[in-house]
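J.: Encoded as structure tokens, here's the structure I'll be asking about.
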Amino acid sequence: MGKEKIGITVEKNDDFSEWYTQVVLKAKLADYAPVKGLIVLRPDGYSIWESLRNTFDKKFAKNGIRNGFLPILIPESLLGKEQKHFAGFNPEVFWVTHSGTNEVGDRLALRPTSETLAYTLYSKWIQSWRDLPLKINFWNTALRAEIKATKPFLRTSEFLWQEGHTVHMTKKEAEDEVIKILDIYKNTVESELAIPVTTGKKSEKEKFVGAEYTTTMESIMPDGKALQMGTSHFLGQNFSKPFEVKFADKDNVEHFAWQTSWGVSWRLIGAMIMVHGDDKGLVLPPKVAPIQVVIVPIYKNDEGRETVFSKVKEIEKSLESKQIRVHIDDREGLSPGYKFNDWEMKGVPLRIEIGPKDIEKQSMVMAKRYNLEKMNLNFTEIENIPSLLDKIQNEMLNKAQQEARVNTIDISEYSDFKVKIEKGGFFNSPWCGKLECEDAIKEETGAEIRVVPFGSEDKTQKCIYCGEKSVSIPVFARGY
RNA sequence: GGGAUCGUAGUCUAGCUUGGUAUGAUACUAGUCUGGGGGACUAGUGGUCGCAGGUUCAAAUCCUGCCGAUCCCGCCA
């Protein structure tokens with residue numbers, strides 16, 4: 001009874017997949033919906049998403065991007081307009097075939113992504129160079145039928161995300177935008193979620209269908225697999241031509257515009273759970289934690305309760321005045337030990353314990369979630385809590401960076417590669433740039449090119465597969 | 001798409017082979033005691049046995065179909 005049944009019943013290192021699912025459910029971030037592949041976000045899960053959304057919105061706004069909203073239904077005739085794009089998505093599109101009892105003529109897709117819809121509108125909205133650049137972001141959900149292998153946050157048939165779509169006069173301006181967005185993604189994920197990412201380009205084989213090229217950020221998970229954290233695509237004129245997104249330039253000559261699209265999803269929450277969680281459950285980075293400090297009052301009787309609570313309320317007020325999200329656990333009838341474990345499962349970054357002993361000494365016990373360290377703090381040190389939270393945030397990033405570094409290795413011998421890939425990890429291995437080698441490596445080892453990091457061009461080495469001259473040193477890994 | 005396992009109260013679970021009105025724990029409610037790492041006792045509440053058919057006097061149990069979950073392989077934003 002007790003311990004084993006209530007908390008997380010498996011160890012992270014022992015059964016990673018089961019551990020992940022238990023943390024999601026038991027920390028009350030999400031639950032399963034009655035339809036396959038769909039999940040329900042609970043307030044603690046949604047709160048993390050809102051926090052990320054707010055951060056992104058501020059950064060997008062600073063970059064001249066505004067939010068809009070697009071409908072969820074897209075007619076088949078529209079979705080099929082860019083053929084490669086359509087062929088890529090077709091197998092996983094949900095179709096609406098009826099309205100009421102009537103069959104609809106042109107089937108309606110539940111959006112797997114909105115390029116085709118957005119650009120139909122864009123072609124109406126853009127006529128002159130004065131209308132450019134046009135930069136709009138959409139917070140919505142995308143639907144892609146996942147027949148198998150669904151996993152909360154990581155792979156679901158409907159997921160929350162943002163999709164940004166920008167239009168530019170010049171190729172260069174569009175390409176600069178692609179990189180600006182990728183930078184926003186990278187610094188937000190690193191500073192808010194404390195997860196290090198590797199940025200670069202996808203290979204031709206792995207790029208977004210319909211894009212000229214795809215830039216990506218990839219992170220390594222504790223089980224050695226790679227997770228795509230977000231992508232920013234340079235669409236070139238691949239969509240502006242079929243959708244006639246054109247503008248009249250200053251010299252009154254009509255040009256097709258240059259476009260970008262980019263997105264991150266709630267998969268980021270999944271990554272955060274995997275990277276930081278431990279055997280006791282979730283560990284939240286302070287910046288996105290719905291509750292940053294939880295106070296557990298301890299008392300024996302009514303008088304004790306009163307003394308303790310007046311102090312606890314005082315601390316709450318003081319923390320709130322410092323913009324800290326604080327919660328007092330005043331649930332009756334639960335032992336302090338139970339509450340400690342409960343808040344640890346939910347990942348609250350800091351816990352304060354205050355009982356009669358502490359009041360006497362004018363101090364309190366403070367426990368840090370991420371390393372389970374406990375210490376005694378004088379009441380006067382409450383002033384330092386905001387900087388302590390910042391410090392925790394940094395230390396969590398450092399720790400994750402260190403782990404990522406350990407699991408990233410340079411390998412140039414294919415025999416070595418084949419053996420070590422079984423344990424997972426990011427492998428920096430030289431590549432000749434040919435699809436045949438990429439395919440063969442995938443076929444033989446299950447590893448694929450996750451990202452060709454910026455600055456990894458290197459013509460001095462030999463391709464790990466064919467031995468010919470290399471063009472770059474991509475990151476190979478098995479992915480989610 | 002191929003393979004394997006599974007579905008009984010909020011959660012976990014016994015019962016299924018050999019059909020006969022569902023077991024236990026935990027959670028929940030009330031009360032008393034308790035309270036610094038998952039507390040104790042007492043009394044309660046809670047079930048279309050995943051759904052739909054079939055066989056039978058009788059189905060959680062046997063048969064068929066469907067829905068859902070987990071894992072491995074394949075495929076993919």
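Here, A, B, ... name the chains of the structure tokens in the order displayed, residue numbers run from 1 inside each chain, and ligands are numbered from 1 in the same displayed order.
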Sorted by chain and rising residue number, which residues of chain B lie within 9 Å of chain A, and what are their closest atom pairs and distances in Å to one decimal, counting only C-alpha atoms (C1' of nucleotides), as a tab-separated table?
T.:
residue	atom	partner	partner_atom	distance
B:U11	C1'	A:Ile6	CA	8.9
B:C12	C1'	A:Lys5	CA	7.6
B:A25	C1'	A:Met1	CA	7.6
B:U26	C1'	A:Met1	CA	7.6
B:U34	C1'	A:Lys300	CA	8.0
B:G35	C1'	A:Ser335	CA	5.7
B:G36	C1'	A:Gly355	CA	7.4
B:G37	C1'	A:Gly337	CA	4.2
B:G38	C1'	A:Tyr338	CA	4.5
B:G39	C1'	A:Ser335	CA	7.0
B:C67	C1'	A:Val35	CA	8.8
B:G68	C1'	A:Lys36	CA	6.6
B:A69	C1'	A:Lys36	CA	8.9
B:U70	C1'	A:Glu18	CA	8.6
B:C76	C1'	A:Gly88	CA	8.3
B:A77	C1'	A:Phe208	CA	7.3
J.: Determine which residues of range 49-247 of chain A DSSP labels as alpha helix (DSSP H) from the backbone of this structure, then write them out as an MDAnalysis selection string.
T.: chainID A and resid 49:62 76:79 83:89 115:125 171:192
J.: Residues within 12 Å of C41 in chain B, please, as a short mmCIF file (atom, residue, chain, number, x, y, z; two decimals) with N, CA, C and O atoms (P, O5', C5', C4', C3', O3' and C1' of nucleotides), in the first residue's frame. Count only C-alpha atoms (C1' of nucleotides); anything in the same chain fewer than 3 positions from it doesn't count.
T.:
data_model
loop_
_atom_site.label_atom_id
_atom_site.label_comp_id
_atom_site.auth_asym_id
_atom_site.auth_seq_id
_atom_site.Cartn_x
_atom_site.Cartn_y
_atom_site.Cartn_z
P G B 31 -17.50 15.87 9.68
"O5'" G B 31 -17.20 14.87 10.89
"C5'" G B 31 -18.16 14.65 11.89
"C4'" G B 31 -17.74 13.52 12.78
"C3'" G B 31 -16.38 13.68 13.46
"O3'" G B 31 -16.44 14.54 14.57
"C1'" G B 31 -16.61 11.47 12.61
P U B 32 -15.16 15.38 15.03
"O5'" U B 32 -14.29 14.28 15.78
"C5'" U B 32 -14.72 13.74 17.02
"C4'" U B 32 -13.82 12.61 17.41
"C3'" U B 32 -12.33 12.94 17.50
"O3'" U B 32 -11.99 13.58 18.73
"C1'" U B 32 -12.61 10.91 16.32
P C B 33 -10.82 14.68 18.74
"O5'" C B 33 -9.50 13.79 18.56
"C5'" C B 33 -9.01 13.01 19.65
"C4'" C B 33 -8.11 11.93 19.13
"C3'" C B 33 -6.74 12.36 18.64
"O3'" C B 33 -5.84 12.64 19.69
"C1'" C B 33 -7.64 10.79 17.14
P U B 34 -4.67 13.65 19.42
"O5'" U B 34 -4.09 13.02 18.09
"C5'" U B 34 -2.71 12.80 17.93
"C4'" U B 34 -2.45 12.24 16.57
"C3'" U B 34 -1.48 13.06 15.73
"O3'" U B 34 -0.14 12.72 16.06
"C1'" U B 34 -3.34 12.42 14.41
#
J.: Could you list, as a list in words, every residue within 12 Å of A52 in chain B, counting only C-alpha atoms (C1' of nucleotides) and ignoring same-chain residues fewer than 4 positions away?
T.: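 Listed by chain and then number, they are U64, G65, C66 and C67 of chain B.
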J.: Deliver the residues from the most recent selection as a file, using C-alpha atoms (C1' of nucleotides), as a JSON list (two decimals), in the first residue's frame.
T.:
[["chain", "number", "residue", "atom", "x", "y", "z"],
["B", 64, "U", "C1'", -18.76, -13.04, -33.42],
["B", 65, "G", "C1'", -18.15, -8.02, -34.66],
["B", 66, "C", "C1'", -16.81, -3.20, -33.15],
["B", 67, "C", "C1'", -14.43, 0.62, -29.92]]
J.: Pick the closest to Asn140 in chain A from A:Arg155, A:Arg42, A:Lys28, A:Arg111: which is it, counting only C-alpha atoms?
T.: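 Counting only C-alpha atoms, the residue closest to Asn140 in chain A is A:Arg111.
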J.: Do a neighbour search on Pro286 in chain A at 10 Å with only C-alpha atoms (C1' of nucleotides), toss out local chain neighbours closer than 5 positions, and write the hits as a PDB file with all heavy atoms, in the first residue's frame.
T.:
ATOM      1  N   GLU A 192      12.819  29.303 -21.442  1.00  0.00           N
ATOM      2  CA  GLU A 192      11.579  29.021 -20.717  1.00  0.00           C
ATOM      3  C   GLU A 192      11.499  27.567 -20.239  1.00  0.00           C
ATOM      4  O   GLU A 192      11.095  27.290 -19.115  1.00  0.00           O
ATOM      5  CB  GLU A 192      10.362  29.313 -21.597  1.00  0.00           C
ATOM      6  CG  GLU A 192      10.212  30.752 -22.021  1.00  0.00           C
ATOM      7  CD  GLU A 192       9.822  31.661 -20.872  1.00  0.00           C
ATOM      8  OE1 GLU A 192       8.849  31.345 -20.166  1.00  0.00           O
ATOM      9  OE2 GLU A 192      10.500  32.697 -20.685  1.00  0.00           O
ATOM     10  N   LEU A 193      11.857  26.646 -21.135  1.00  0.00           N
ATOM     11  CA  LEU A 193      11.706  25.223 -20.812  1.00  0.00           C
ATOM     12  C   LEU A 193      13.016  24.574 -20.369  1.00  0.00           C
ATOM     13  O   LEU A 193      13.035  23.410 -19.969  1.00  0.00           O
ATOM     14  CB  LEU A 193      11.144  24.465 -22.026  1.00  0.00           C
ATOM     15  CG  LEU A 193       9.716  24.848 -22.429  1.00  0.00           C
ATOM     16  CD1 LEU A 193       9.301  24.107 -23.692  1.00  0.00           C
ATOM     17  CD2 LEU A 193       8.726  24.543 -21.305  1.00  0.00           C
ATOM     18  N   ALA A 194      14.094  25.330 -20.447  1.00  0.00           N
ATOM     19  CA  ALA A 194      15.403  24.839 -20.017  1.00  0.00           C
ATOM     20  C   ALA A 194      15.814  23.574 -20.779  1.00  0.00           C
ATOM     21  O   ALA A 194      16.388  22.646 -20.222  1.00  0.00           O
ATOM     22  CB  ALA A 194      15.431  24.596 -18.507  1.00  0.00           C
ATOM     23  N   ILE A 291       2.279  26.808 -10.560  1.00  0.00           N
ATOM     24  CA  ILE A 291       2.577  27.201  -9.177  1.00  0.00           C
ATOM     25  C   ILE A 291       4.084  27.137  -9.035  1.00  0.00           C
ATOM     26  O   ILE A 291       4.690  26.113  -9.330  1.00  0.00           O
ATOM     27  CB  ILE A 291       1.918  26.246  -8.167  1.00  0.00           C
ATOM     28  CG1 ILE A 291       0.393  26.318  -8.264  1.00  0.00           C
ATOM     29  CG2 ILE A 291       2.385  26.562  -6.756  1.00  0.00           C
ATOM     30  CD1 ILE A 291      -0.327  25.271  -7.422  1.00  0.00           C
ATOM     31  N   GLN A 292       4.693  28.248  -8.587  1.00  0.00           N
ATOM     32  CA  GLN A 292       6.154  28.253  -8.459  1.00  0.00           C
ATOM     33  C   GLN A 292       6.598  27.879  -7.050  1.00  0.00           C
ATOM     34  O   GLN A 292       7.640  27.274  -6.853  1.00  0.00           O
ATOM     35  CB  GLN A 292       6.707  29.635  -8.830  1.00  0.00           C
ATOM     36  CG  GLN A 292       6.478  29.968 -10.301  1.00  0.00           C
ATOM     37  CD  GLN A 292       6.773  31.409 -10.616  1.00  0.00           C
ATOM     38  OE1 GLN A 292       6.228  32.322  -9.975  1.00  0.00           O
ATOM     39  NE2 GLN A 292       7.621  31.642 -11.602  1.00  0.00           N
ATOM     40  N   VAL A 293       5.796  28.309  -6.072  1.00  0.00           N
ATOM     41  CA  VAL A 293       6.123  28.012  -4.680  1.00  0.00           C
ATOM     42  C   VAL A 293       4.873  27.484  -3.993  1.00  0.00           C
ATOM     43  O   VAL A 293       3.824  28.116  -4.053  1.00  0.00           O
ATOM     44  CB  VAL A 293       6.600  29.280  -3.926  1.00  0.00           C
ATOM     45  CG1 VAL A 293       6.895  28.962  -2.471  1.00  0.00           C
ATOM     46  CG2 VAL A 293       7.820  29.889  -4.611  1.00  0.00           C
ATOM     47  N   ILE A 324       5.296  36.305  -7.714  1.00  0.00           N
ATOM     48  CA  ILE A 324       5.539  34.870  -7.703  1.00  0.00           C
ATOM     49  C   ILE A 324       4.214  34.142  -7.547  1.00  0.00           C
ATOM     50  O   ILE A 324       3.350  34.556  -6.775  1.00  0.00           O
ATOM     51  CB  ILE A 324       6.516  34.516  -6.553  1.00  0.00           C
ATOM     52  CG1 ILE A 324       7.914  34.969  -6.956  1.00  0.00           C
ATOM     53  CG2 ILE A 324       6.511  33.019  -6.275  1.00  0.00           C
ATOM     54  CD1 ILE A 324       8.923  34.835  -5.878  1.00  0.00           C
ATOM     55  N   ARG A 325       4.055  33.068  -8.315  1.00  0.00           N
ATOM     56  CA  ARG A 325       2.821  32.290  -8.253  1.00  0.00           C
ATOM     57  C   ARG A 325       2.930  31.319  -7.079  1.00  0.00           C
ATOM     58  O   ARG A 325       3.712  30.369  -7.110  1.00  0.00           O
ATOM     59  CB  ARG A 325       2.604  31.541  -9.576  1.00  0.00           C
ATOM     60  CG  ARG A 325       2.456  32.489 -10.780  1.00  0.00           C
ATOM     61  CD  ARG A 325       2.118  31.760 -12.057  1.00  0.00           C
ATOM     62  NE  ARG A 325       3.242  31.016 -12.602  1.00  0.00           N
ATOM     63  CZ  ARG A 325       4.188  31.546 -13.386  1.00  0.00           C
ATOM     64  NH1 ARG A 325       4.160  32.838 -13.714  1.00  0.00           N
ATOM     65  NH2 ARG A 325       5.172  30.797 -13.849  1.00  0.00           N
ATOM     66  N   GLY A 347       5.517  18.533  -9.656  1.00  0.00           N
ATOM     67  CA  GLY A 347       6.671  19.250 -10.181  1.00  0.00           C
ATOM     68  C   GLY A 347       6.880  20.685  -9.734  1.00  0.00           C
ATOM     69  O   GLY A 347       7.651  21.415 -10.348  1.00  0.00           O
ATOM     70  N   VAL A 348       6.191  21.103  -8.680  1.00  0.00           N
ATOM     71  CA  VAL A 348       6.327  22.493  -8.227  1.00  0.00           C
ATOM     72  C   VAL A 348       7.783  22.780  -7.818  1.00  0.00           C
ATOM     73  O   VAL A 348       8.355  22.063  -7.006  1.00  0.00           O
ATOM     74  CB  VAL A 348       5.370  22.768  -7.049  1.00  0.00           C
ATOM     75  CG1 VAL A 348       5.590  24.161  -6.486  1.00  0.00           C
ATOM     76  CG2 VAL A 348       3.935  22.587  -7.508  1.00  0.00           C
ATOM     77  N   PRO A 349       8.390  23.834  -8.378  1.00  0.00           N
ATOM     78  CA  PRO A 349       9.833  24.067  -8.215  1.00  0.00           C
ATOM     79  C   PRO A 349      10.303  24.253  -6.771  1.00  0.00           C
ATOM     80  O   PRO A 349      11.361  23.760  -6.396  1.00  0.00           O
ATOM     81  CB  PRO A 349      10.082  25.352  -9.012  1.00  0.00           C
ATOM     82  CG  PRO A 349       8.966  25.419  -9.992  1.00  0.00           C
ATOM     83  CD  PRO A 349       7.786  24.770  -9.337  1.00  0.00           C
ATOM     84  N   LEU A 350       9.533  24.971  -5.960  1.00  0.00           N
ATOM     85  CA  LEU A 350       9.962  25.216  -4.586  1.00  0.00           C
ATOM     86  C   LEU A 350       8.846  24.887  -3.606  1.00  0.00           C
ATOM     87  O   LEU A 350       7.690  25.223  -3.840  1.00  0.00           O
ATOM     88  CB  LEU A 350      10.326  26.692  -4.389  1.00  0.00           C
ATOM     89  CG  LEU A 350      11.725  27.158  -4.771  1.00  0.00           C
ATOM     90  CD1 LEU A 350      11.850  28.631  -4.443  1.00  0.00           C
ATOM     91  CD2 LEU A 350      12.811  26.358  -4.059  1.00  0.00           C
ATOM     92  N   PRO A 386      12.806  35.151  -5.553  1.00  0.00           N
ATOM     93  CA  PRO A 386      12.798  35.366  -7.005  1.00  0.00           C
ATOM     94  C   PRO A 386      14.139  35.018  -7.647  1.00  0.00           C
ATOM     95  O   PRO A 386      14.174  34.364  -8.703  1.00  0.00           O
ATOM     96  CB  PRO A 386      12.507  36.864  -7.137  1.00  0.00           C
ATOM     97  CG  PRO A 386      11.750  37.195  -5.898  1.00  0.00           C
ATOM     98  CD  PRO A 386      12.345  36.342  -4.811  1.00  0.00           C
ATOM     99  N   LEU A 388      16.305  32.985  -6.452  1.00  0.00           N
ATOM    100  CA  LEU A 388      16.489  31.538  -6.313  1.00  0.00           C
ATOM    101  C   LEU A 388      15.782  30.788  -7.446  1.00  0.00           C
ATOM    102  O   LEU A 388      16.322  29.836  -8.020  1.00  0.00           O
ATOM    103  CB  LEU A 388      15.952  31.073  -4.953  1.00  0.00           C
ATOM    104  CG  LEU A 388      16.057  29.578  -4.647  1.00  0.00           C
ATOM    105  CD1 LEU A 388      17.505  29.116  -4.725  1.00  0.00           C
ATOM    106  CD2 LEU A 388      15.481  29.260  -3.275  1.00  0.00           C
ATOM    107  N   LEU A 389      14.578  31.266  -7.789  1.00  0.00           N
ATOM    108  CA  LEU A 389      13.852  30.644  -8.894  1.00  0.00           C
ATOM    109  C   LEU A 389      14.624  30.797 -10.204  1.00  0.00           C
ATOM    110  O   LEU A 389      14.703  29.867 -11.006  1.00  0.00           O
ATOM    111  CB  LEU A 389      12.451  31.251  -9.024  1.00  0.00           C
ATOM    112  CG  LEU A 389      11.455  30.849  -7.925  1.00  0.00           C
ATOM    113  CD1 LEU A 389      10.195  31.691  -8.011  1.00  0.00           C
ATOM    114  CD2 LEU A 389      11.100  29.375  -8.015  1.00  0.00           C
ATOM    115  N   ASP A 390      15.198  31.957 -10.411  1.00  0.00           N
ATOM    116  CA  ASP A 390      16.011  32.176 -11.616  1.00  0.00           C
ATOM    117  C   ASP A 390      17.195  31.226 -11.645  1.00  0.00           C
ATOM    118  O   ASP A 390      17.553  30.673 -12.684  1.00  0.00           O
ATOM    119  CB  ASP A 390      16.540  33.617 -11.653  1.00  0.00           C
ATOM    120  CG  ASP A 390      15.441  34.600 -12.028  1.00  0.00           C
ATOM    121  OD1 ASP A 390      14.396  34.145 -12.535  1.00  0.00           O
ATOM    122  OD2 ASP A 390      15.623  35.807 -11.795  1.00  0.00           O
ATOM    123  N   LYS A 391      17.772  31.061 -10.468  1.00  0.00           N
ATOM    124  CA  LYS A 391      18.949  30.193 -10.374  1.00  0.00           C
ATOM    125  C   LYS A 391      18.573  28.748 -10.705  1.00  0.00           C
ATOM    126  O   LYS A 391      19.292  28.044 -11.418  1.00  0.00           O
ATOM    127  CB  LYS A 391      19.508  30.286  -8.942  1.00  0.00           C
ATOM    128  CG  LYS A 391      20.962  29.896  -8.845  1.00  0.00           C
ATOM    129  CD  LYS A 391      21.479  30.115  -7.422  1.00  0.00           C
ATOM    130  CE  LYS A 391      22.532  29.054  -7.104  1.00  0.00           C
ATOM    131  NZ  LYS A 391      22.527  28.669  -5.704  1.00  0.00           N
ATOM    132  N   ILE A 392      17.434  28.320 -10.203  1.00  0.00           N
ATOM    133  CA  ILE A 392      16.958  26.964 -10.499  1.00  0.00           C
ATOM    134  C   ILE A 392      16.758  26.797 -11.995  1.00  0.00           C
ATOM    135  O   ILE A 392      17.165  25.807 -12.591  1.00  0.00           O
ATOM    136  CB  ILE A 392      15.641  26.681  -9.738  1.00  0.00           C
ATOM    137  CG1 ILE A 392      15.926  26.550  -8.245  1.00  0.00           C
ATOM    138  CG2 ILE A 392      14.977  25.421 -10.278  1.00  0.00           C
ATOM    139  CD1 ILE A 392      14.675  26.455  -7.389  1.00  0.00           C
ATOM    140  N   GLN A 393      16.132  27.806 -12.598  1.00  0.00           N
ATOM    141  CA  GLN A 393      15.902  27.764 -14.037  1.00  0.00           C
ATOM    142  C   GLN A 393      17.230  27.554 -14.782  1.00  0.00           C
ATOM    143  O   GLN A 393      17.327  26.709 -15.668  1.00  0.00           O
ATOM    144  CB  GLN A 393      15.248  29.089 -14.483  1.00  0.00           C
ATOM    145  CG  GLN A 393      14.906  29.151 -15.957  1.00  0.00           C
ATOM    146  CD  GLN A 393      13.545  28.532 -16.296  1.00  0.00           C
ATOM    147  OE1 GLN A 393      12.645  28.506 -15.463  1.00  0.00           O
ATOM    148  NE2 GLN A 393      13.400  28.026 -17.498  1.00  0.00           N
ATOM    149  N   ASN A 394      18.235  28.309 -14.388  1.00  0.00           N
ATOM    150  CA  ASN A 394      19.549  28.192 -15.039  1.00  0.00           C
ATOM    151  C   ASN A 394      20.188  26.839 -14.791  1.00  0.00           C
ATOM    152  O   ASN A 394      20.768  26.244 -15.698  1.00  0.00           O
ATOM    153  CB  ASN A 394      20.501  29.279 -14.534  1.00  0.00           C
ATOM    154  CG  ASN A 394      20.123  30.632 -15.092  1.00  0.00           C
ATOM    155  OD1 ASN A 394      19.530  30.713 -16.166  1.00  0.00           O
ATOM    156  ND2 ASN A 394      20.432  31.689 -14.356  1.00  0.00           N
ATOM    157  N   MET A 396      18.744  24.071 -14.173  1.00  0.00           N
ATOM    158  CA  MET A 396      18.061  23.021 -14.931  1.00  0.00           C
ATOM    159  C   MET A 396      18.537  22.990 -16.372  1.00  0.00           C
ATOM    160  O   MET A 396      18.729  21.923 -16.959  1.00  0.00           O
ATOM    161  CB  MET A 396      16.540  23.224 -14.865  1.00  0.00           C
ATOM    162  CG  MET A 396      15.956  22.834 -13.508  1.00  0.00           C
ATOM    163  SD  MET A 396      14.178  23.135 -13.386  1.00  0.00           S
ATOM    164  CE  MET A 396      13.543  21.856 -14.457  1.00  0.00           C
TER     165      MET A 396
END
J.: Tell me which protein, DNA and RNA residues are within 10 Å of Glu204 in chain A, counting only C-alpha atoms (C1' of nucleotides), leaving out same-chain ones fewer than 3 positions away, and put them as a list in words.
T.: Lys201, Lys207, Phe208, Val209, Ala211, Glu212, Tyr213, Thr214, Gly433, Lys434, Leu435 and Ile449 of chain A
J.: Emit the selected residues as a short mmCIF file (atom, residue, chain, number, x, y, z; two decimals), in the first residue's frame, including all heavy atoms.
T.:
data_model
loop_
_atom_site.label_atom_id
_atom_site.label_comp_id
_atom_site.auth_asym_id
_atom_site.auth_seq_id
_atom_site.Cartn_x
_atom_site.Cartn_y
_atom_site.Cartn_z
N LYS A 201 19.56 22.70 -40.74
CA LYS A 201 18.62 22.39 -41.81
C LYS A 201 18.27 20.91 -41.80
O LYS A 201 19.08 20.07 -41.41
CB LYS A 201 19.26 22.71 -43.16
CG LYS A 201 19.09 24.15 -43.61
CD LYS A 201 19.53 24.24 -45.07
CE LYS A 201 19.59 25.69 -45.53
NZ LYS A 201 19.98 25.79 -46.95
N LYS A 207 12.77 17.19 -45.35
CA LYS A 207 12.17 18.53 -45.30
C LYS A 207 10.65 18.47 -45.39
O LYS A 207 10.08 17.45 -45.79
CB LYS A 207 12.75 19.40 -46.41
CG LYS A 207 12.19 19.04 -47.78
CD LYS A 207 12.73 19.96 -48.86
CE LYS A 207 12.05 19.65 -50.19
NZ LYS A 207 12.64 20.41 -51.31
N PHE A 208 10.01 19.59 -45.04
CA PHE A 208 8.56 19.74 -45.12
C PHE A 208 8.11 19.61 -46.58
O PHE A 208 8.70 20.24 -47.46
CB PHE A 208 8.20 21.11 -44.57
CG PHE A 208 6.74 21.48 -44.64
CD1 PHE A 208 5.78 20.76 -43.95
CD2 PHE A 208 6.34 22.59 -45.38
CE1 PHE A 208 4.44 21.13 -44.00
CE2 PHE A 208 4.99 22.96 -45.43
CZ PHE A 208 4.05 22.23 -44.74
N VAL A 209 7.06 18.79 -46.79
CA VAL A 209 6.62 18.62 -48.18
C VAL A 209 6.08 19.93 -48.74
O VAL A 209 5.13 20.49 -48.22
CB VAL A 209 5.56 17.50 -48.30
CG1 VAL A 209 6.22 16.14 -48.32
CG2 VAL A 209 4.53 17.57 -47.18
N ALA A 211 8.14 22.59 -49.14
CA ALA A 211 9.11 23.65 -48.82
C ALA A 211 10.31 23.55 -49.74
O ALA A 211 10.61 22.50 -50.29
CB ALA A 211 9.57 23.52 -47.37
N GLU A 212 11.00 24.69 -49.88
CA GLU A 212 12.26 24.65 -50.62
C GLU A 212 13.32 24.07 -49.68
O GLU A 212 14.12 23.25 -50.07
CB GLU A 212 12.63 26.05 -51.09
CG GLU A 212 13.56 26.00 -52.27
CD GLU A 212 13.45 27.27 -53.11
OE1 GLU A 212 12.38 27.52 -53.73
OE2 GLU A 212 14.42 28.02 -53.12
N TYR A 213 13.34 24.55 -48.44
CA TYR A 213 14.11 23.88 -47.40
C TYR A 213 13.47 24.13 -46.05
O TYR A 213 12.65 25.04 -45.90
CB TYR A 213 15.59 24.29 -47.41
CG TYR A 213 15.86 25.76 -47.16
CD1 TYR A 213 15.84 26.29 -45.87
CD2 TYR A 213 16.18 26.61 -48.23
CE1 TYR A 213 16.12 27.63 -45.66
CE2 TYR A 213 16.46 27.94 -48.03
CZ TYR A 213 16.42 28.46 -46.73
OH TYR A 213 16.68 29.78 -46.52
N THR A 214 13.84 23.28 -45.09
CA THR A 214 13.28 23.34 -43.75
C THR A 214 14.41 23.53 -42.74
O THR A 214 15.39 22.79 -42.78
CB THR A 214 12.53 22.03 -43.44
OG1 THR A 214 11.33 21.97 -44.21
CG2 THR A 214 12.16 21.94 -41.97
N GLY A 433 26.26 13.76 -48.69
CA GLY A 433 25.15 14.57 -49.20
C GLY A 433 24.22 13.79 -50.11
O GLY A 433 23.22 14.32 -50.57
N LYS A 434 24.54 12.50 -50.35
CA LYS A 434 23.70 11.73 -51.27
C LYS A 434 22.57 11.00 -50.55
O LYS A 434 22.75 10.44 -49.48
CB LYS A 434 24.56 10.73 -52.05
CG LYS A 434 25.41 11.40 -53.12
CD LYS A 434 25.85 10.43 -54.21
CE LYS A 434 26.83 9.41 -53.71
NZ LYS A 434 28.20 9.89 -53.56
N LEU A 435 21.42 11.00 -51.23
CA LEU A 435 20.23 10.35 -50.68
C LEU A 435 20.46 8.85 -50.47
O LEU A 435 19.97 8.28 -49.50
CB LEU A 435 19.04 10.58 -51.64
CG LEU A 435 17.72 9.92 -51.26
CD1 LEU A 435 17.21 10.48 -49.93
CD2 LEU A 435 16.67 10.15 -52.35
N ILE A 449 18.96 11.43 -40.60
CA ILE A 449 19.55 12.75 -40.41
C ILE A 449 18.49 13.63 -39.77
O ILE A 449 17.47 13.93 -40.37
CB ILE A 449 20.02 13.35 -41.75
CG1 ILE A 449 21.17 12.50 -42.30
CG2 ILE A 449 20.44 14.81 -41.57
CD1 ILE A 449 21.68 12.97 -43.65
#
J.: Could you give me, as a list in words, the residues within 10 Å of Ser219 in chain A, counting only C-alpha atoms (C1' of nucleotides) and dropping anything in the same chain fewer than 4 positions from it?
T.: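 In the requested form, the answer reads Ile195, Pro196, Val197, Thr198, Thr199, Gly224, Lys225, Ala226, Leu227, Gln228, Met229, Gly230, Ala271, Val275, Ala404, Phe426, Arg450 and Gly479 of chain A.
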J.: Choose the residue, out of A:Asp249, A:Glu395, A:Asp15, A:Asp329, that has the smallest atom-to-atom separation from Val312 in chain A; count only C-alpha atoms.
T.: A:Asp329
J.: Compare A:Glu50, A:Ala248, A:Phe16, A:Ile382 by their minimum atom-to-atom distance to Glu320 in chain A, counting only C-alpha atoms, and give me the closest one.
T.: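 Residue with the minimum atom-to-atom distance to Glu320 in chain A: A:Ile382.
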J.: I need the residue nearest G20 in chain B from this list: B:G46, B:C63, B:A58, B:C72. Use only C-alpha atoms (C1' of nucleotides) for the distance.
T.: B:A58
J.: Report the distance between CA of Pro290 in chain A and CA of Leu143 in chain A in Å, rounded to one decimal place.
T.: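 CA of Pro290 in chain A sits 27.2 Å away from CA of Leu143 in chain A.
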J.: Give the strand (DSSP E or B) residues of range 81-283 of chain A, as assigned by DSSP on the backbone, as an MDAnalysis selection string.
T.: chainID A and resid 94:99 102:110 128 134:143 151 155 158:168 198:201 213:220 226:236 246:248 254:256 258:265 278 281
J.: Take CA of Phe247 in chain A and CA of Ile126 in chain A and report the distance between them in Å, one decimal.
T.: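 Between these atoms lies a distance of 6.2 Å.
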